[in-house]
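Undergrad: So here's final36.cif (mmCIF, C-alpha atoms and all ligand atoms).
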```cif
data_model
loop_
_atom_site.label_atom_id
_atom_site.label_comp_id
_atom_site.auth_asym_id
_atom_site.auth_seq_id
_atom_site.Cartn_x
_atom_site.Cartn_y
_atom_site.Cartn_z
CA MET A 1 0.00 0.00 0.00
CA ASP A 2 1.29 3.47 -0.81
CA LYS A 3 2.21 5.57 2.20
CA ILE A 4 -0.45 8.22 2.77
CA LYS A 5 0.71 11.47 4.33
CA ILE A 6 -1.78 12.36 7.02
CA PRO A 7 -1.74 15.04 9.73
CA LYS A 8 -0.47 14.00 13.17
CA ALA A 9 -3.81 14.74 14.84
CA THR A 10 -5.57 12.44 12.37
CA ALA A 11 -2.98 9.70 12.93
CA ARG A 12 -3.58 9.89 16.69
CA ARG A 13 -7.32 9.37 16.22
CA LEU A 14 -6.94 6.30 13.99
CA PRO A 15 -6.61 3.76 16.82
CA LEU A 16 -9.76 5.21 18.43
CA TYR A 17 -11.75 4.72 15.24
CA TYR A 18 -10.25 1.30 14.74
CA ARG A 19 -11.17 0.02 18.18
CA TYR A 20 -14.75 1.23 17.86
CA LEU A 21 -15.10 -0.28 14.40
CA ILE A 22 -13.97 -3.65 15.76
CA LEU A 23 -16.73 -3.40 18.35
CA LEU A 24 -19.37 -2.51 15.75
CA ASN A 25 -18.24 -5.35 13.51
CA GLU A 26 -18.45 -7.81 16.40
CA GLU A 27 -22.01 -6.62 17.02
CA GLY A 28 -22.77 -7.34 13.37
CA LYS A 29 -23.35 -3.69 12.41
CA GLU A 30 -22.77 -3.02 8.72
CA LYS A 31 -22.76 0.74 8.60
CA VAL A 32 -22.04 3.66 10.85
CA SER A 33 -22.73 7.38 10.51
CA SER A 34 -20.19 10.06 11.38
CA THR A 35 -22.58 11.31 14.10
CA GLU A 36 -22.69 7.88 15.69
CA LEU A 37 -18.90 7.55 15.51
CA SER A 38 -18.56 11.04 16.89
CA GLU A 39 -20.54 10.21 20.02
CA ALA A 40 -18.67 6.97 20.59
CA VAL A 41 -15.12 8.25 20.19
CA GLN A 42 -15.74 11.83 21.36
CA VAL A 43 -14.38 13.49 18.22
CA ASP A 44 -16.58 16.04 16.43
CA SER A 45 -18.18 14.70 13.26
CA ALA A 46 -16.63 17.38 11.01
CA SER A 47 -13.15 16.18 12.06
CA ILE A 48 -14.19 12.57 11.47
CA ARG A 49 -15.35 13.38 7.94
CA ARG A 50 -12.14 15.30 7.28
CA ASP A 51 -10.00 12.47 8.72
CA PHE A 52 -11.75 9.88 6.60
CA SER A 53 -11.46 11.99 3.47
CA TYR A 54 -7.64 11.69 3.71
CA PHE A 55 -8.06 8.00 3.01
CA GLY A 56 -10.58 8.53 0.24
CA ALA A 57 -13.21 6.91 2.47
CA LEU A 58 -16.22 9.04 1.73
CA GLY A 59 -19.44 8.13 3.47
CA LYS A 60 -22.62 8.17 1.45
CA ARG A 61 -25.21 10.72 2.53
CA GLY A 62 -27.99 9.00 4.43
CA TYR A 63 -26.05 5.74 4.52
CA GLY A 64 -22.86 6.41 6.45
CA TYR A 65 -19.68 4.39 6.26
CA ASP A 66 -19.37 0.71 5.52
CA VAL A 67 -17.98 -0.87 8.70
CA LYS A 68 -16.24 -3.85 7.07
CA SER A 69 -14.44 -1.87 4.39
CA LEU A 70 -13.36 0.84 6.86
CA LEU A 71 -12.09 -1.86 9.19
CA GLY A 72 -10.07 -3.51 6.43
CA PHE A 73 -8.63 -0.15 5.49
CA PHE A 74 -7.61 0.83 9.03
CA LYS A 75 -6.16 -2.60 9.61
CA LYS A 76 -3.75 -2.05 6.75
CA ILE A 77 -2.93 1.52 7.73
CA LEU A 78 -2.30 0.59 11.34
CA ASN A 79 -0.26 -2.45 10.35
CA GLN A 80 -2.62 -4.73 12.24
CA ASP A 81 -1.96 -7.52 9.80
CA THR A 82 1.58 -7.85 11.02
CA LEU A 83 2.73 -8.41 14.55
CA THR A 84 5.08 -5.67 15.78
CA ASN A 85 7.80 -6.82 18.14
CA VAL A 86 8.88 -4.37 20.81
CA ALA A 87 11.79 -4.52 23.28
CA LEU A 88 11.57 -3.47 26.92
CA ILE A 89 14.65 -2.14 28.70
CA GLY A 90 14.66 -2.22 32.51
CA VAL A 91 12.59 -4.92 34.22
CA GLY A 92 11.86 -3.07 37.48
CA ASN A 93 8.37 -2.48 38.93
CA LEU A 94 7.08 -0.63 35.91
CA GLY A 95 8.86 -2.96 33.49
CA HIS A 96 7.23 -5.99 35.17
CA ALA A 97 3.80 -4.37 34.96
CA LEU A 98 4.22 -3.67 31.24
CA LEU A 99 5.43 -7.21 30.58
CA ASN A 100 2.28 -8.44 32.30
CA TYR A 101 0.06 -6.13 30.32
CA ASN A 102 -1.28 -7.85 27.28
CA PHE A 103 -0.81 -5.34 24.46
CA LYS A 104 -1.66 -8.01 21.95
CA ARG A 105 -5.32 -8.22 22.89
CA SER A 106 -6.22 -4.81 21.49
CA ASN A 107 -3.52 -4.34 18.88
CA ASN A 108 -0.95 -6.50 17.23
CA ILE A 109 1.97 -5.40 19.34
CA ARG A 110 3.91 -7.60 21.70
CA ILE A 111 6.98 -7.23 23.84
CA SER A 112 9.19 -9.96 22.44
CA CYS A 113 12.30 -9.42 24.55
CA ALA A 114 13.40 -7.57 27.66
CA PHE A 115 16.81 -6.47 28.91
CA ASP A 116 18.30 -5.70 32.31
CA ILE A 117 21.64 -5.55 34.08
CA ASN A 118 20.44 -7.42 37.16
CA SER A 119 21.72 -11.01 37.06
CA ASP A 120 18.76 -12.14 39.22
CA LEU A 121 16.53 -11.35 36.26
CA THR A 122 18.59 -12.14 33.19
CA GLY A 123 18.22 -15.58 31.68
CA LYS A 124 14.69 -15.84 33.10
CA ILE A 125 11.31 -15.71 31.39
CA VAL A 126 9.05 -13.04 32.90
CA SER A 127 5.37 -13.12 31.89
CA GLY A 128 6.33 -15.16 28.84
CA VAL A 129 9.08 -12.77 27.77
CA PRO A 130 12.80 -13.70 27.87
CA VAL A 131 14.98 -11.27 29.83
CA TYR A 132 18.46 -10.88 28.36
CA ASP A 133 21.56 -9.25 29.74
CA MET A 134 22.24 -5.76 28.41
CA LYS A 135 25.41 -6.99 26.78
CA ASP A 136 23.26 -9.06 24.38
CA MET A 137 20.98 -6.13 23.59
CA ILE A 138 22.50 -4.90 20.34
CA GLU A 139 22.71 -8.40 18.93
CA GLN A 140 19.11 -9.33 19.91
CA ILE A 141 17.57 -6.09 18.68
CA ARG A 142 19.36 -6.39 15.35
CA GLU A 143 18.55 -10.07 14.98
CA GLN A 144 14.84 -9.54 15.73
CA GLN A 145 14.83 -6.36 13.63
CA ILE A 146 13.20 -4.46 16.45
CA THR A 147 12.64 -0.76 15.83
CA ILE A 148 10.61 0.16 18.94
CA ALA A 149 11.70 0.03 22.57
CA ILE A 150 10.04 0.81 25.88
CA LEU A 151 12.42 2.50 28.29
CA THR A 152 11.83 1.76 31.99
CA VAL A 153 15.36 2.07 33.41
CA PRO A 154 16.16 4.46 36.30
CA GLN A 155 16.42 8.07 35.13
CA THR A 156 20.14 8.20 35.90
CA ASN A 157 20.74 5.64 33.15
CA ALA A 158 18.06 6.83 30.72
CA GLN A 159 20.14 8.85 28.24
CA LYS A 160 22.99 6.36 28.16
CA THR A 161 20.57 3.48 27.53
CA ALA A 162 18.69 5.47 24.90
CA ASN A 163 21.98 6.03 23.03
CA GLU A 164 22.66 2.30 23.13
CA ILE A 165 19.26 1.26 21.81
CA VAL A 166 19.44 3.84 19.02
CA GLU A 167 22.84 2.44 18.11
CA ALA A 168 21.22 -1.00 17.94
CA GLY A 169 18.74 0.27 15.35
CA VAL A 170 15.72 1.38 17.41
CA ARG A 171 13.82 4.26 15.78
CA GLY A 172 11.00 4.75 18.28
CA ILE A 173 11.30 5.03 22.05
CA MET A 174 8.44 4.98 24.52
CA ASN A 175 10.11 6.81 27.35
CA PHE A 176 8.67 6.10 30.80
CA THR A 177 11.51 7.95 32.55
CA PRO A 178 11.07 11.63 33.52
CA VAL A 179 14.22 12.52 31.53
CA ARG A 180 13.76 14.50 28.30
CA LEU A 181 15.92 12.40 26.02
CA SER A 182 17.95 13.68 23.16
CA ALA A 183 18.18 11.51 20.07
CA PRO A 184 19.36 11.92 16.49
CA ALA A 185 16.95 13.12 13.81
CA GLY A 186 14.75 10.31 12.59
CA VAL A 187 14.25 8.83 16.06
CA ARG A 188 10.83 9.40 17.58
CA ILE A 189 10.30 9.67 21.30
CA GLN A 190 6.96 9.36 23.07
CA ASN A 191 7.14 10.50 26.68
CA VAL A 192 4.91 8.81 29.24
CA ASP A 193 5.71 10.43 32.55
CA LEU A 194 3.22 8.94 34.99
CA ALA A 195 4.34 10.97 38.04
CA THR A 196 4.05 14.28 36.20
CA GLU A 197 0.63 13.33 34.79
CA LEU A 198 -0.62 12.55 38.29
CA GLN A 199 0.90 15.76 39.63
CA THR A 200 -0.91 17.72 36.92
CA LEU A 201 -4.19 16.10 37.91
CA VAL A 202 -3.61 16.94 41.57
CA TYR A 203 -2.81 20.53 40.58
CA PHE A 204 -5.98 20.88 38.50
CA LEU A 205 -8.19 19.46 41.23
CA GLU A 206 -6.60 21.79 43.79
CA SER A 207 -7.09 24.83 41.59
CA ASP A 208 -10.73 23.80 40.83
CA LYS A 209 -11.26 23.67 44.60
CA LYS A 210 -9.79 27.15 45.05
CA ILE A 211 -12.12 28.55 42.41
CA GLU A 212 -15.11 26.93 44.13
CA ASP A 213 -14.05 28.25 47.61
P1 LIG B 1 10.53 1.38 38.46
O1 LIG B 1 9.37 1.30 39.36
O2 LIG B 1 10.81 2.74 37.88
O3 LIG B 1 10.55 0.31 37.40
P2 LIG B 1 12.36 0.12 40.33
O4 LIG B 1 12.45 0.72 41.67
O5 LIG B 1 11.68 -1.17 40.19
O6 LIG B 1 11.79 1.22 39.36
P3 LIG B 1 14.76 1.04 39.08
O7 LIG B 1 15.90 1.29 39.99
O8 LIG B 1 14.03 2.21 38.51
O9 LIG B 1 13.80 -0.02 39.74
O10 LIG B 1 15.28 0.15 37.88
C1 LIG B 1 14.42 -0.44 36.96
C2 LIG B 1 15.13 -1.62 36.33
O11 LIG B 1 16.13 -1.16 35.43
C3 LIG B 1 15.82 -2.52 37.34
O12 LIG B 1 15.43 -3.87 37.13
C4 LIG B 1 17.30 -2.30 37.07
O13 LIG B 1 18.05 -3.49 37.31
C5 LIG B 1 17.29 -1.94 35.60
N1 LIG B 1 18.45 -1.16 35.15
C6 LIG B 1 19.16 -0.26 35.82
N2 LIG B 1 20.12 0.28 35.05
C7 LIG B 1 20.01 -0.32 33.85
C8 LIG B 1 20.72 -0.22 32.62
N3 LIG B 1 21.75 0.62 32.48
N4 LIG B 1 20.34 -0.99 31.61
C9 LIG B 1 19.31 -1.86 31.74
N5 LIG B 1 18.59 -2.01 32.86
C10 LIG B 1 18.94 -1.25 33.91
#
```
Before anything else, please render the file you have as structure tokens.
TA:
Amino acid sequence: MDKIKIPKATARRLPLYYRYLILLNEEGKEKVSSTELSEAVQVDSASIRRDFSYFGALGKRGYGYDVKSLLGFFKKILNQDTLTNVALIGVGNLGHALLNYNFKRSNNIRISCAFDINSDLTGKIVSGVPVYDMKDMIEQIREQQITIAILTVPQTNAQKTANEIVEAGVRGIMNFTPVRLSAPAGVRIQNVDLATELQTLVYFLESDKKIED
């Protein structure tokens, strides 16, 4: 399939649409209107129509979109036909939790290998995933042609580890450390800073309270 250039905001909404379409398909629904989709995924229907127009998927007036063909289309776009292998670096508390979490159920992504420096963990299988020593990392990542890694090492080692995984060929890092990583052009970093997110929530609730007082 040719690569379609779509805006970032549209790309972010694709998994939302996809998940809802799976649900509709399972219920045996054959068509869906943009209004219906809009209510379910909480995106305004004008944006939905615009998003879909990027893929040439134009709903028919008074009919809506064909669920099965949309589903097939999104599946291809989101690479759901192929299983994506991901590496996890740092099998601490958070690392363990992510290994336990079954990514595969909702999308075709799985953590296929994990790495750590702790010899109590290396050579073991944790939640079905082999944990290798860091010294085997470059070789494993190259061999398995892994391009995405989840980073759950302590923040003091974050940048150094990021450099190593990039050297191994990783092009996308899901960074669970609070460190803002630097990486060469062409490497994408998604930051998931749980502590800061929680802190933000606490802050908003506190300031809502002050306004109410
Ligand atoms: P968290 O809850 O953040 O996972 P934790 O308290 O369980 O933290 P950390 O000290 O943050 O543990 O370390 C997480 C994991 O990363 C540990 O299993 C540790 O052995 C591992 N680790 C530390 N340094 C490195 C490194 N340079 N490369 C790979 N793994 C590392």
Undergrad: Distance CA of Val91 (chain A)-CA of Arg19 (chain A), one decimal place?
TA: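 Taking CA of Val91 (chain A) as the start and CA of Arg19 (chain A) as the end point, the length is 29.1 Å.
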Undergrad: Would you mind listing the residues within 6 Å of ligand LIG 1 (chain B), counting only C-alpha atoms and all ligand atoms, as a PyMOL selection string?
TA: chain A and resi 89-95+115-118+134+152-154+157+161
Undergrad: Take the point (-7.3, 6.2, 16.2) in the file's coordinates, draw a sphere of radius 12 Å around it, and report as a count of residues only every protein, DNA or RNA residue with an atom inside or on it, counting all atoms listed in the file.
TA: 28
Undergrad: Considering only C-alpha atoms, can you say which of A:Lys31, A:Arg188, A:Val179, A:Glu139 comes closest to Glu164 (chain A)?
TA: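 Once distances to Glu164 (chain A) are computed over only C-alpha atoms, the minimum belongs to A:Glu139.
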Undergrad: Would you kindly identify which residues have an atom no farther than 8 Å from (10.5, 9.5, 36.2), using all atoms listed in the file and the file's own coordinates, and write them out as a PDB file with C-alpha atoms, keeping the file's coordinate frame?
TA:
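Contents of the output file out_4.pdb:
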```
ATOM      1  CA  PRO A 154      16.160   4.460  36.300  1.00  0.00           C
ATOM      2  CA  GLN A 155      16.420   8.070  35.130  1.00  0.00           C
ATOM      3  CA  PHE A 176       8.670   6.100  30.800  1.00  0.00           C
ATOM      4  CA  THR A 177      11.510   7.950  32.550  1.00  0.00           C
ATOM      5  CA  PRO A 178      11.070  11.630  33.520  1.00  0.00           C
ATOM      6  CA  VAL A 179      14.220  12.520  31.530  1.00  0.00           C
ATOM      7  CA  ASP A 193       5.710  10.430  32.550  1.00  0.00           C
ATOM      8  CA  LEU A 194       3.220   8.940  34.990  1.00  0.00           C
ATOM      9  CA  ALA A 195       4.340  10.970  38.040  1.00  0.00           C
TER      10      ALA A 195
END
```
Undergrad: Any idea what the distance is between CA of Asp66 (chain A) and CA of Glu39 (chain A)?
TA: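 That distance, rounded to one decimal, is 17.4 Å.
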